>>> print(open('run33.cif').read())   # mmCIF, C-alpha atoms and all ligand atoms
data_query
#
loop_
_atom_site.label_atom_id
_atom_site.label_comp_id
_atom_site.auth_asym_id
_atom_site.auth_seq_id
_atom_site.Cartn_x
_atom_site.Cartn_y
_atom_site.Cartn_z
CA THR A 1480 13.95 -20.39 4.47
CA PRO A 1481 17.18 -18.36 4.43
CA ALA A 1482 17.63 -16.22 7.58
CA ARG A 1483 17.88 -13.18 5.35
CA ASP A 1484 14.50 -13.72 3.69
CA LEU A 1485 12.81 -10.55 4.87
CA ALA A 1486 9.52 -11.07 3.01
CA VAL A 1487 6.44 -10.33 5.14
CA ALA A 1488 4.62 -13.65 5.62
CA ASP A 1489 1.83 -12.94 8.08
CA ILE A 1490 0.28 -10.03 10.02
CA ARG A 1491 -1.88 -10.50 13.10
CA THR A 1492 -3.79 -7.75 14.97
CA THR A 1493 -5.13 -7.89 18.53
CA ILE A 1494 -7.21 -5.29 20.36
CA VAL A 1495 -6.20 -4.94 24.01
CA ASP A 1496 -7.71 -2.90 26.85
CA VAL A 1497 -5.38 -2.18 29.78
CA PRO A 1498 -6.90 -0.47 32.86
CA THR A 1499 -5.17 2.68 34.10
CA VAL A 1500 -4.24 3.30 37.75
CA ARG A 1501 -6.69 6.22 37.88
CA LYS A 1502 -9.11 8.14 35.72
CA HIS A 1503 -7.32 10.31 33.11
CA LYS A 1504 -9.38 13.38 32.20
CA LEU A 1505 -8.79 15.48 29.06
CA SER A 1506 -10.84 18.35 27.68
CA GLN A 1507 -12.74 16.08 25.28
CA THR A 1508 -12.75 12.67 26.98
CA SER A 1509 -11.90 10.73 30.11
CA VAL A 1510 -10.50 7.19 30.27
CA THR A 1511 -10.07 4.42 32.85
CA ALA A 1512 -8.43 2.01 30.39
CA GLN A 1513 -6.07 2.40 27.48
CA SER A 1514 -6.98 0.59 24.25
CA TYR A 1515 -4.36 -0.44 21.71
CA VAL A 1516 -4.07 -2.56 18.59
CA ILE A 1517 -1.01 -4.80 18.85
CA VAL A 1518 0.48 -5.89 15.53
CA GLN A 1519 2.52 -9.11 15.24
CA LEU A 1520 4.22 -9.27 11.85
CA ARG A 1521 6.02 -12.51 10.91
CA LEU A 1522 8.72 -12.64 8.26
CA ALA A 1523 9.46 -15.61 6.01
CA ASN A 1524 12.59 -16.18 8.15
CA GLY A 1525 10.37 -16.78 11.20
CA VAL A 1526 11.23 -13.54 13.03
CA VAL A 1527 8.19 -11.72 14.48
CA GLY A 1528 8.16 -7.91 14.76
CA ILE A 1529 5.69 -6.03 16.95
CA GLY A 1530 4.03 -2.64 16.83
CA GLU A 1531 1.29 -0.75 18.66
CA ALA A 1532 -1.43 1.68 17.63
CA ALA A 1533 -2.61 3.76 20.58
CA THR A 1534 -5.93 5.59 20.94
CA LEU A 1535 -7.42 7.69 23.73
CA GLY A 1536 -11.09 7.24 24.58
CA GLY A 1537 -12.19 5.78 21.23
CA PRO A 1538 -12.18 8.09 18.19
CA ARG A 1539 -12.15 11.24 20.36
CA TRP A 1540 -8.53 12.39 20.53
CA SER A 1541 -8.22 11.82 16.79
CA GLU A 1542 -10.48 10.04 14.33
CA GLU A 1543 -8.99 6.57 14.80
CA SER A 1544 -10.43 3.94 17.17
CA VAL A 1545 -9.04 0.48 17.91
CA GLU A 1546 -12.01 -1.09 16.16
CA GLY A 1547 -11.39 1.01 13.04
CA ILE A 1548 -7.62 0.47 13.16
CA LYS A 1549 -7.99 -3.32 13.34
CA ALA A 1550 -10.49 -3.39 10.48
CA THR A 1551 -8.36 -1.10 8.30
CA ILE A 1552 -5.19 -3.10 8.89
CA ASP A 1553 -6.84 -6.49 8.36
CA THR A 1554 -8.80 -5.43 5.26
CA TYR A 1555 -6.62 -2.87 3.46
CA LEU A 1556 -3.15 -2.33 4.93
CA ALA A 1557 -1.87 -5.83 5.76
CA PRO A 1558 -2.60 -7.14 2.23
CA ALA A 1559 -0.45 -4.29 0.84
CA LEU A 1560 2.57 -5.59 2.80
CA ILE A 1561 2.24 -9.38 2.52
CA GLY A 1562 5.04 -10.75 0.33
CA GLN A 1563 6.94 -7.43 0.31
CA PRO A 1564 10.51 -7.09 1.66
CA ALA A 1565 10.28 -5.75 5.21
CA ASP A 1566 13.43 -3.62 4.95
CA LEU A 1567 12.07 -1.37 2.19
CA PHE A 1568 10.54 1.02 4.73
CA VAL A 1569 9.94 3.96 2.40
CA ALA A 1570 8.43 1.74 -0.30
CA ALA A 1571 6.23 0.11 2.35
CA GLY A 1572 5.05 3.59 3.36
CA GLU A 1573 4.13 4.36 -0.23
CA ARG A 1574 2.17 1.10 -0.50
CA LEU A 1575 0.31 1.85 2.74
CA ASP A 1576 -0.53 5.39 1.57
CA ALA A 1577 -1.83 4.00 -1.71
CA ALA A 1578 -3.98 1.46 0.15
CA ALA A 1579 -5.62 3.92 2.58
CA LYS A 1580 -5.79 7.67 3.19
CA ARG A 1581 -4.55 8.90 6.61
CA ASN A 1582 -5.14 6.12 9.21
CA ASN A 1583 -1.80 7.23 10.63
CA ALA A 1584 -1.90 5.21 13.86
CA ALA A 1585 -2.64 2.01 11.91
CA LYS A 1586 0.23 2.70 9.51
CA ALA A 1587 2.60 3.56 12.35
CA ALA A 1588 1.91 0.24 14.10
CA LEU A 1589 2.70 -1.67 10.91
CA GLU A 1590 5.84 0.31 10.14
CA THR A 1591 7.02 -0.17 13.75
CA ALA A 1592 6.59 -3.94 13.34
CA LEU A 1593 8.62 -3.84 10.09
CA PHE A 1594 11.46 -2.00 11.86
CA ASP A 1595 11.32 -4.39 14.83
CA ALA A 1596 11.38 -7.49 12.59
CA VAL A 1597 14.28 -6.21 10.48
CA GLY A 1598 16.21 -5.08 13.57
CA LYS A 1599 15.74 -8.47 15.21
CA THR A 1600 16.85 -10.25 12.03
CA LEU A 1601 20.02 -8.15 11.70
CA GLY A 1602 20.76 -7.94 15.43
CA LEU A 1603 20.49 -4.13 15.38
CA PRO A 1604 18.38 -1.74 17.45
CA VAL A 1605 15.69 0.16 15.53
CA ALA A 1606 17.52 3.41 16.34
CA ALA A 1607 20.50 2.14 14.30
CA LEU A 1608 18.25 1.61 11.28
CA LEU A 1609 17.13 5.25 11.59
CA GLY A 1610 20.64 6.72 11.64
CA GLY A 1611 21.84 5.75 15.09
CA ALA A 1612 21.18 6.95 18.63
CA VAL A 1613 22.65 10.21 19.90
CA ARG A 1614 21.07 9.69 23.36
CA ASN A 1615 19.78 6.73 25.34
CA ARG A 1616 17.96 8.49 28.17
CA PHE A 1617 15.14 11.00 27.89
CA PRO A 1618 13.89 13.42 30.56
CA VAL A 1619 10.27 12.33 31.07
CA LEU A 1620 7.33 14.25 32.48
CA TRP A 1621 4.20 13.00 34.23
CA THR A 1622 0.66 14.15 33.44
CA LEU A 1623 -1.69 15.28 36.19
CA ALA A 1624 -5.21 14.69 34.93
CA SER A 1625 -7.60 13.57 37.65
CA GLY A 1626 -9.04 17.09 37.83
CA ASP A 1627 -8.87 17.00 41.66
CA PRO A 1628 -6.05 19.33 42.83
CA ASP A 1629 -5.57 17.57 46.19
CA GLN A 1630 -5.08 14.25 44.44
CA GLU A 1631 -2.87 15.91 41.82
CA ILE A 1632 -0.57 17.54 44.39
CA ALA A 1633 -0.24 14.24 46.29
CA GLU A 1634 0.50 12.36 43.05
CA ALA A 1635 3.16 14.89 42.05
CA GLU A 1636 4.76 14.68 45.52
CA ASP A 1637 5.01 10.89 45.15
CA LYS A 1638 6.67 11.21 41.73
CA LEU A 1639 9.14 13.83 43.01
CA ALA A 1640 10.03 11.74 46.07
CA ALA A 1641 10.61 8.65 43.91
CA ARG A 1642 12.85 10.73 41.56
CA LEU A 1643 10.64 9.64 38.64
CA HIS A 1644 9.33 12.99 37.34
CA ARG A 1645 9.94 16.67 38.04
CA THR A 1646 8.09 18.17 35.10
CA PHE A 1647 4.30 17.89 35.21
CA LYS A 1648 1.79 18.42 32.42
CA ILE A 1649 -1.61 19.46 33.70
CA LYS A 1650 -4.63 18.67 31.55
CA ILE A 1651 -6.98 21.64 31.36
CA GLY A 1652 -10.14 22.45 29.42
CA ALA A 1653 -12.51 19.90 30.99
CA GLN A 1654 -13.88 22.68 33.22
CA SER A 1655 -14.29 26.45 32.86
CA PRO A 1656 -11.14 28.53 32.26
CA ASP A 1657 -11.60 30.25 35.65
CA ALA A 1658 -11.91 26.92 37.47
CA ASP A 1659 -8.74 25.74 35.71
CA LEU A 1660 -6.91 28.95 36.64
CA ALA A 1661 -7.86 28.43 40.30
CA ARG A 1662 -6.67 24.80 40.09
CA LEU A 1663 -3.40 25.84 38.44
CA THR A 1664 -2.82 28.54 41.05
CA ARG A 1665 -3.06 25.87 43.76
CA LEU A 1666 -0.80 23.45 41.91
CA SER A 1667 1.83 26.08 41.17
CA LYS A 1668 1.84 27.28 44.81
CA ALA A 1669 2.37 23.71 45.97
CA LEU A 1670 4.93 22.61 43.37
CA ALA A 1671 6.39 25.47 41.36
CA ASP A 1672 9.68 25.88 43.25
CA ARG A 1673 10.45 22.15 42.89
CA ALA A 1674 8.95 21.29 39.52
CA THR A 1675 8.37 22.63 36.04
CA LEU A 1676 4.68 22.88 35.09
CA ILE A 1677 3.21 22.85 31.61
CA VAL A 1678 -0.44 22.60 30.51
CA ASP A 1679 -2.38 20.94 27.68
CA ALA A 1680 -5.79 22.36 26.76
CA ASN A 1681 -6.44 19.81 24.00
CA GLN A 1682 -8.04 22.51 21.77
CA ALA A 1683 -10.53 23.60 24.46
CA TRP A 1684 -10.19 27.38 24.27
CA ASP A 1685 -11.16 29.91 21.62
CA GLU A 1686 -8.91 32.81 20.76
CA THR A 1687 -10.71 35.27 23.05
CA VAL A 1688 -10.39 33.00 26.08
CA ALA A 1689 -6.76 32.25 25.22
CA ARG A 1690 -5.96 35.96 24.87
CA ARG A 1691 -7.31 36.52 28.39
CA CYS A 1692 -5.83 33.41 30.06
CA LEU A 1693 -2.37 32.99 28.53
CA PRO A 1694 -0.85 36.02 30.34
CA ARG A 1695 -2.25 34.58 33.60
CA LEU A 1696 -0.52 31.28 32.84
CA ALA A 1697 2.70 33.20 32.21
CA ASP A 1698 2.31 34.89 35.63
CA LEU A 1699 1.96 31.44 37.23
CA GLY A 1700 5.24 30.41 35.61
CA ILE A 1701 3.69 27.82 33.27
CA ALA A 1702 6.59 26.88 31.00
CA LEU A 1703 4.68 25.66 27.94
CA VAL A 1704 1.05 25.70 26.75
CA GLU A 1705 -0.01 22.85 24.47
CA GLN A 1706 -2.69 23.25 21.82
CA PRO A 1707 -4.80 25.99 23.47
CA LEU A 1708 -6.89 26.50 20.30
CA PRO A 1709 -8.74 24.11 17.96
CA ALA A 1710 -6.41 22.30 15.55
CA TRP A 1711 -7.78 24.31 12.61
CA ASN A 1712 -6.88 27.67 14.13
CA VAL A 1713 -3.18 27.79 13.29
CA ALA A 1714 -3.45 31.46 12.34
CA GLY A 1715 -4.91 32.13 15.79
CA MET A 1716 -1.93 30.45 17.47
CA GLY A 1717 0.31 32.72 15.39
CA ARG A 1718 -1.63 35.82 16.53
CA LEU A 1719 -1.40 34.75 20.20
CA ARG A 1720 2.38 34.30 19.93
CA ALA A 1721 2.78 37.66 18.20
CA ARG A 1722 1.18 39.51 21.15
CA GLY A 1723 4.02 38.66 23.55
CA GLY A 1724 3.57 38.07 27.27
CA VAL A 1725 2.36 34.53 26.63
CA PRO A 1726 4.20 31.30 27.51
CA PRO A 1727 5.79 29.29 24.69
CA LEU A 1728 3.17 27.38 22.67
CA LEU A 1729 3.36 23.67 21.80
CA ALA A 1730 1.63 22.38 18.65
CA ASP A 1731 -0.04 18.99 19.07
CA GLU A 1732 -3.32 18.19 17.26
CA CYS A 1733 -2.59 20.80 14.55
CA VAL A 1734 0.47 18.90 13.27
CA PHE A 1735 -0.05 15.45 11.77
CA THR A 1736 1.85 15.68 8.47
CA ALA A 1737 5.05 17.40 7.37
CA HIS A 1738 2.78 19.75 5.36
CA ASP A 1739 0.97 20.67 8.59
CA MET A 1740 4.36 21.35 10.19
CA LEU A 1741 5.33 23.63 7.33
CA GLY A 1742 2.04 25.55 7.75
CA VAL A 1743 2.66 26.02 11.48
CA ALA A 1744 6.19 27.25 10.73
CA GLN A 1745 4.92 29.69 8.08
CA ALA A 1746 2.30 31.06 10.50
CA ALA A 1747 4.90 31.30 13.31
CA ALA A 1748 2.26 29.47 15.34
CA ALA A 1749 4.38 27.42 17.75
CA ASP A 1750 7.61 27.37 19.73
CA ALA A 1751 7.69 23.57 19.83
CA VAL A 1752 5.96 20.56 18.30
CA SER A 1753 4.83 17.33 19.93
CA LEU A 1754 6.05 14.35 17.88
CA LYS A 1755 3.86 11.22 17.94
CA LEU A 1756 3.74 8.08 15.83
CA VAL A 1757 -0.08 8.11 15.79
CA LYS A 1758 0.04 11.50 14.03
CA HIS A 1759 2.99 11.11 11.68
CA GLY A 1760 2.19 7.59 10.40
CA GLY A 1761 5.45 6.00 11.55
CA LEU A 1762 9.08 6.53 12.47
CA VAL A 1763 10.13 7.75 9.02
CA GLY A 1764 7.26 10.24 9.03
CA LEU A 1765 8.14 11.40 12.56
CA HIS A 1766 11.68 12.19 11.43
CA LYS A 1767 10.30 14.12 8.44
CA VAL A 1768 8.11 16.31 10.65
CA ALA A 1769 11.06 16.80 13.00
CA ALA A 1770 13.24 17.90 10.07
CA VAL A 1771 10.72 20.56 8.99
CA ALA A 1772 10.49 21.81 12.58
CA GLU A 1773 14.28 21.90 12.90
CA ALA A 1774 14.56 23.87 9.67
CA ALA A 1775 12.15 26.46 11.11
CA GLY A 1776 13.86 26.67 14.51
CA ILE A 1777 10.86 25.05 16.23
CA GLY A 1778 11.81 22.92 19.24
CA LEU A 1779 11.08 19.19 19.48
CA TYR A 1780 8.97 17.60 22.22
CA GLY A 1781 8.65 13.82 22.48
CA GLY A 1782 4.88 13.33 22.59
CA CYS A 1783 2.78 10.28 23.51
CA LEU A 1784 -0.73 8.91 23.48
CA LEU A 1785 -0.26 6.91 26.69
CA GLU A 1786 1.39 3.99 24.89
CA SER A 1787 2.45 0.77 26.63
CA SER A 1788 6.15 -0.19 26.65
CA VAL A 1789 5.73 -1.42 23.04
CA GLY A 1790 4.65 1.91 21.56
CA ALA A 1791 6.80 3.92 23.98
CA ALA A 1792 9.91 1.94 22.93
CA ALA A 1793 9.15 2.69 19.28
CA HIS A 1794 9.00 6.42 20.07
CA LEU A 1795 12.25 6.32 22.05
CA HIS A 1796 14.06 4.70 19.11
CA ALA A 1797 12.81 7.49 16.84
CA PHE A 1798 13.61 10.23 19.41
CA ALA A 1799 17.08 8.73 20.00
CA GLY A 1800 18.25 9.88 16.57
CA LEU A 1801 17.13 13.53 16.85
CA ARG A 1802 20.05 15.90 17.34
CA GLU A 1803 18.07 18.15 19.67
CA LEU A 1804 15.11 17.17 21.81
CA ALA A 1805 14.87 20.46 23.66
CA TRP A 1806 11.67 19.70 25.56
CA GLY A 1807 12.34 16.08 26.59
CA CYS A 1808 9.54 13.52 26.38
CA GLU A 1809 6.30 12.43 28.01
CA HIS A 1810 6.43 8.64 27.67
CA PHE A 1811 5.05 7.99 31.13
CA GLY A 1812 2.39 5.69 29.56
CA PRO A 1813 3.81 2.40 30.85
CA GLN A 1814 3.62 3.85 34.39
CA ILE A 1815 -0.06 4.74 34.24
CA LEU A 1816 -1.13 1.21 33.26
CA THR A 1817 -2.04 -1.40 35.87
CA GLY A 1818 -0.03 -3.87 33.79
CA ASP A 1819 2.25 -3.83 30.75
CA LEU A 1820 2.35 -6.00 27.62
CA VAL A 1821 6.07 -6.88 27.63
CA THR A 1822 8.31 -9.19 29.64
CA GLU A 1823 10.51 -6.30 30.84
CA PRO A 1824 8.85 -2.86 30.92
CA LEU A 1825 10.84 0.29 30.12
CA ALA A 1826 13.11 1.55 32.91
CA PHE A 1827 12.21 4.83 34.66
CA ARG A 1828 14.78 6.33 37.04
CA ASP A 1829 16.44 9.67 37.83
CA PHE A 1830 13.66 11.62 36.10
CA ALA A 1831 14.33 9.83 32.79
CA VAL A 1832 13.04 6.96 30.72
CA HIS A 1833 15.76 4.78 29.22
CA LEU A 1834 16.16 3.43 25.68
CA PRO A 1835 15.90 -0.36 25.95
CA ASP A 1836 18.92 -2.41 24.84
CA GLY A 1837 18.83 -5.25 22.37
CA PRO A 1838 17.86 -5.76 18.74
CA GLY A 1839 14.70 -4.30 17.22
CA LEU A 1840 12.61 -2.35 19.72
CA GLY A 1841 14.46 -3.98 22.62
CA VAL A 1842 11.19 -5.11 24.23
CA THR A 1843 9.56 -8.54 24.09
CA LEU A 1844 5.81 -9.09 23.95
CA ASP A 1845 4.59 -11.27 26.83
CA PRO A 1846 2.09 -13.75 25.32
CA ASP A 1847 0.33 -14.32 28.66
CA LYS A 1848 -0.20 -10.61 29.18
CA LEU A 1849 -1.38 -10.17 25.60
CA ARG A 1850 -3.94 -12.94 26.14
CA HIS A 1851 -4.95 -11.47 29.50
CA TYR A 1852 -5.68 -7.98 28.14
CA ALA A 1853 -6.99 -9.05 24.72
CA ARG A 1854 -10.60 -8.07 24.06
CA SER A 1855 -12.65 -11.24 23.72
C1 LIG A 1901 -2.15 14.71 24.35
O1 LIG A 1901 -2.97 15.41 23.82
O2 LIG A 1901 -1.04 15.19 24.54
C2 LIG A 1901 -0.51 12.76 26.08
C3 LIG A 1901 -0.28 12.81 27.39
C4 LIG A 1901 -1.51 12.88 28.02
O3 LIG A 1901 -1.72 12.94 29.21
O4 LIG A 1901 -2.49 12.89 27.10
C5 LIG A 1901 -1.91 12.65 25.84
C6 LIG A 1901 -2.52 13.28 24.66
MG MG A 1902 -1.67 17.13 23.62
#
>>> encode(input="run33.cif", output="structure tokens")
Amino acid sequence: TPARDLAVADIRTTIVDVPTVRKHKLSQTSVTAQSYVIVQLRLANGVVGIGEAATLGGPRWSEESVEGIKATIDTYLAPALIGQPADLFVAAGERLDAAAKRNNAAKAALETALFDAVGKTLGLPVAALLGGAVRNRFPVLWTLASGDPDQEIAEAEDKLAARLHRTFKIKIGAQSPDADLARLTRLSKALADRATLIVDANQAWDETVARRCLPRLADLGIALVEQPLPAWNVAGMGRLRARGGVPPLLADECVFTAHDMLGVAQAAAADAVSLKLVKHGGLVGLHKVAAVAEAAGIGLYGGCLLESSVGAAAHLHAFAGLRELAWGCEHFGPQILTGDLVTEPLAFRDFAVHLPDGPGLGVTLDPDKLRHYARS
């Protein structure tokens, strides 16, 4: 087979469960392991590209679960790509959209594997295929989400001392707003002069609660508030912003598509948007959402769903090509796992995560680790 034969020959999917170093508690779920679908996509030239679909606590963060993702890829999405040229990324996206509605995490994992395979074939990093990197290091935050403030302060102290993270995202909404405010008061007293604090409510509050609590968060110096209201209440986010005296708002679960992004811009509902492959259906889609946000003057935040080094690397290649990434990124995922899936995990130092070198994603799947964490 000629080395340039980029036809997709075979697609394999594997569900893996990787334990986390501690319990991670969000408003709607709590996890002690991260579950992913790993895609291995082989071209006719023999090159294998990889991709990852992340989930959080089954179909609770969004509607996709690893079981559903694997079934959808195996039954509907993979057949739409077999035999197609891997470098026709936009055409591949159209074929995937024709084969299945939404299923954005599943599509993103496949598109990532296409980019990785083509990059490896051509000897180019994925970032180059997307327009080229304008940065190769990304300020990276850490999420505090045990719910126990003593543990959270100690964890943040460790991260500060190791020069790994100095921005912390605190997960709120699992307990009452007043209990969270008391917890945040403690955390900000302990850390605020040495760290930047942001919070993520994961849709937990209604507008009345948010109207009462957001000024209190501003008083505590919270720099950004992520998705305080349910995803459907974009108009409510706009009303909260219009009142003034509230911290900047970050749109997460309310922005999956570029159309969603346009709606948020029209409602003046956010100061920044969290960009994630599982929401935007792939790297091309992520850049589209980013372009709509840029056009509206809405800042970019490099979001995650606690990916391993495979999914995190894919995000970094997409983030690398954005002219402005005002709010940095949160790809701490590889650090919260008890083990990774690649031979050389992403590098974290000096409060940043670094774009891996090398063709494709720049990370190599470790077959022993894949076997070890694969669900039997
Ligand atoms: C989310 O909603 O942002 C990202 C980081 C984290 O701790 O949870 C995720 C999901
Ligand atoms: Mg969020």
>>> axis_aligned_box(input="run33.cif", around="ligand LIG 1901 (chain A)", padding_each_side="5 Å", output="AutoDock Vina command-line options")
--center_x -1.6 --center_y 14.0 --center_z 26.5 --size_x 12.7 --size_y 12.8 --size_z 15.4
>>> residues_near_ligand(input="run33.cif", ligand="ligand LIG 1901 (chain A)", cutoff="9 Å", atoms="all atoms listed in the file", output="list in words")
His1503, Lys1504, Leu1505, Leu1535, Trp1540, Trp1621, Thr1622, Leu1623, Ala1624, Lys1648, Ile1649, Lys1650, Asp1679, Ala1680, Asn1681, Gln1682, Glu1705, Gln1706, Asp1731, Glu1732, Ser1753, Gly1782, Cys1783, Leu1784, Leu1785, Glu1809, His1810, Phe1811 and Gly1812 of chain A
>>> write_last_selection(input="run33.cif", atoms="C-alpha atoms", output="tab-separated table (two decimals), in the frame of the given file")
chain	number	residue	atom	x	y	z
A	1503	HIS	CA	-7.32	10.31	33.11
A	1504	LYS	CA	-9.38	13.38	32.20
A	1505	LEU	CA	-8.79	15.48	29.06
A	1535	LEU	CA	-7.42	7.69	23.73
A	1540	TRP	CA	-8.53	12.39	20.53
A	1621	TRP	CA	4.20	13.00	34.23
A	1622	THR	CA	0.66	14.15	33.44
A	1623	LEU	CA	-1.69	15.28	36.19
A	1624	ALA	CA	-5.21	14.69	34.93
A	1648	LYS	CA	1.79	18.42	32.42
A	1649	ILE	CA	-1.61	19.46	33.70
A	1650	LYS	CA	-4.63	18.67	31.55
A	1679	ASP	CA	-2.38	20.94	27.68
A	1680	ALA	CA	-5.79	22.36	26.76
A	1681	ASN	CA	-6.44	19.81	24.00
A	1682	GLN	CA	-8.04	22.51	21.77
A	1705	GLU	CA	-0.01	22.85	24.47
A	1706	GLN	CA	-2.69	23.25	21.82
A	1731	ASP	CA	-0.04	18.99	19.07
A	1732	GLU	CA	-3.32	18.19	17.26
A	1753	SER	CA	4.83	17.33	19.93
A	1782	GLY	CA	4.88	13.33	22.59
A	1783	CYS	CA	2.78	10.28	23.51
A	1784	LEU	CA	-0.73	8.91	23.48
A	1785	LEU	CA	-0.26	6.91	26.69
A	1809	GLU	CA	6.30	12.43	28.01
A	1810	HIS	CA	6.43	8.64	27.67
A	1811	PHE	CA	5.05	7.99	31.13
A	1812	GLY	CA	2.39	5.69	29.56
>>> atom_distance(input="run33.cif", atom1="atom CA of Ala1559 of chain A", atom2="atom CA of Ala1577 of chain A")
8.8 Å
>>> residues_around(input="run33.cif", residues="Asp1627 of chain A", least_positions_apart="6", cutoff="12 Å", atoms="all atoms listed in the file", output="number ranges by chain")
A: 1501-1504, 1633-1634, 1649-1651, 1653-1654, 1658-1659, 1661-1663, 1665-1666
>>> atom_distance(input="run33.cif", atom1="atom CA of Leu1703 of chain A", atom2="atom CA of Glu1773 of chain A")
18.2 Å
>>> closest_residue(input="run33.cif", among="A:Arg1850, A:His1738, A:His1794, A:Arg1695", to="Lys1767 of chain A", atoms="all atoms listed in the file")
A:His1738
>>> residues_around(input="run33.cif", residues="segment 1560-1567 of chain A", least_positions_apart="2", cutoff="7 Å", atoms="all atoms listed in the file", output="ChimeraX atom specification")
/A:1485-1489,1556-1558,1569-1571,1593,1597
>>> closest_residue(input="run33.cif", among="A:Leu1728, A:Ile1529, A:Ala1697, A:Ala1579", to="Val1842 of chain A", atoms="only C-alpha atoms")
A:Ile1529
>>> closest_residue(input="run33.cif", among="A:Val1763, A:Val1768, A:Val1821, A:Val1500", to="Leu1844 of chain A", atoms="all atoms listed in the file")
A:Val1821
>>> residues_around(input="run33.cif", residues="segment 1668-1670 of chain A", least_positions_apart="6", cutoff="9 Å", atoms="all atoms listed in the file", output="compact mmCIF listing (two decimals) with C-alpha atoms, keeping the file's coordinate frame")
# COMPACT_ATOMS: atom_id res chain seq x y z
CA ILE A 1632 -0.57 17.54 44.39
CA ALA A 1635 3.16 14.89 42.05
CA GLU A 1636 4.76 14.68 45.52
CA LEU A 1676 4.68 22.88 35.09
CA LEU A 1699 1.96 31.44 37.23
>>> closest_residue(input="run33.cif", among="A:Gly1760, A:Gly1626, A:Pro1618, A:Gly1724", to="Ala1805 of chain A", atoms="all atoms listed in the file")
A:Pro1618
>>> atom_distance(input="run33.cif", atom1="atom CA of Leu1754 of chain A", atom2="atom CA of Gly1781 of chain A")
5.3 Å
>>> residues_near_point(input="run33.cif", point="(5.1, 1.3, 9.3)", cutoff="9 Å", atoms="only C-alpha atoms", output="PDB file with C-alpha atoms, in the frame of the given file")
ATOM      1  CA  GLY A1530       4.030  -2.640  16.830  1.00  0.00           C
ATOM      2  CA  PHE A1568      10.540   1.020   4.730  1.00  0.00           C
ATOM      3  CA  VAL A1569       9.940   3.960   2.400  1.00  0.00           C
ATOM      4  CA  ALA A1571       6.230   0.110   2.350  1.00  0.00           C
ATOM      5  CA  GLY A1572       5.050   3.590   3.360  1.00  0.00           C
ATOM      6  CA  LEU A1575       0.310   1.850   2.740  1.00  0.00           C
ATOM      7  CA  ALA A1585      -2.640   2.010  11.910  1.00  0.00           C
ATOM      8  CA  LYS A1586       0.230   2.700   9.510  1.00  0.00           C
ATOM      9  CA  ALA A1587       2.600   3.560  12.350  1.00  0.00           C
ATOM     10  CA  ALA A1588       1.910   0.240  14.100  1.00  0.00           C
ATOM     11  CA  LEU A1589       2.700  -1.670  10.910  1.00  0.00           C
ATOM     12  CA  GLU A1590       5.840   0.310  10.140  1.00  0.00           C
ATOM     13  CA  THR A1591       7.020  -0.170  13.750  1.00  0.00           C
ATOM     14  CA  ALA A1592       6.590  -3.940  13.340  1.00  0.00           C
ATOM     15  CA  LEU A1593       8.620  -3.840  10.090  1.00  0.00           C
ATOM     16  CA  PHE A1594      11.460  -2.000  11.860  1.00  0.00           C
ATOM     17  CA  GLY A1760       2.190   7.590  10.400  1.00  0.00           C
ATOM     18  CA  GLY A1761       5.450   6.000  11.550  1.00  0.00           C
ATOM     19  CA  LEU A1762       9.080   6.530  12.470  1.00  0.00           C
ATOM     20  CA  VAL A1763      10.130   7.750   9.020  1.00  0.00           C
TER      21      VAL A1763
END
>>> closest_residue(input="run33.cif", among="A:Asp1496, A:Gly1715, A:Gly1790, A:Val1516", to="Lys1549 of chain A", atoms="only C-alpha atoms")
A:Val1516
>>> residues_around(input="run33.cif", residues="Met1716 of chain A", least_positions_apart="6", cutoff="9 Å", atoms="all atoms listed in the file", output="list of chain:residue names")
A:Glu1686, A:Gln1706, A:Pro1707, A:Leu1708, A:Leu1728, A:Ala1730, A:Val1743, A:Ala1746, A:Ala1747, A:Ala1748, A:Ala1749
>>> write_last_selection(input="run33.cif", atoms="C-alpha atoms", output="compact mmCIF listing (two decimals), keeping the file's coordinate frame")
# COMPACT_ATOMS: atom_id res chain seq x y z
CA GLU A 1686 -8.91 32.81 20.76
CA GLN A 1706 -2.69 23.25 21.82
CA PRO A 1707 -4.80 25.99 23.47
CA LEU A 1708 -6.89 26.50 20.30
CA LEU A 1728 3.17 27.38 22.67
CA ALA A 1730 1.63 22.38 18.65
CA VAL A 1743 2.66 26.02 11.48
CA ALA A 1746 2.30 31.06 10.50
CA ALA A 1747 4.90 31.30 13.31
CA ALA A 1748 2.26 29.47 15.34
CA ALA A 1749 4.38 27.42 17.75
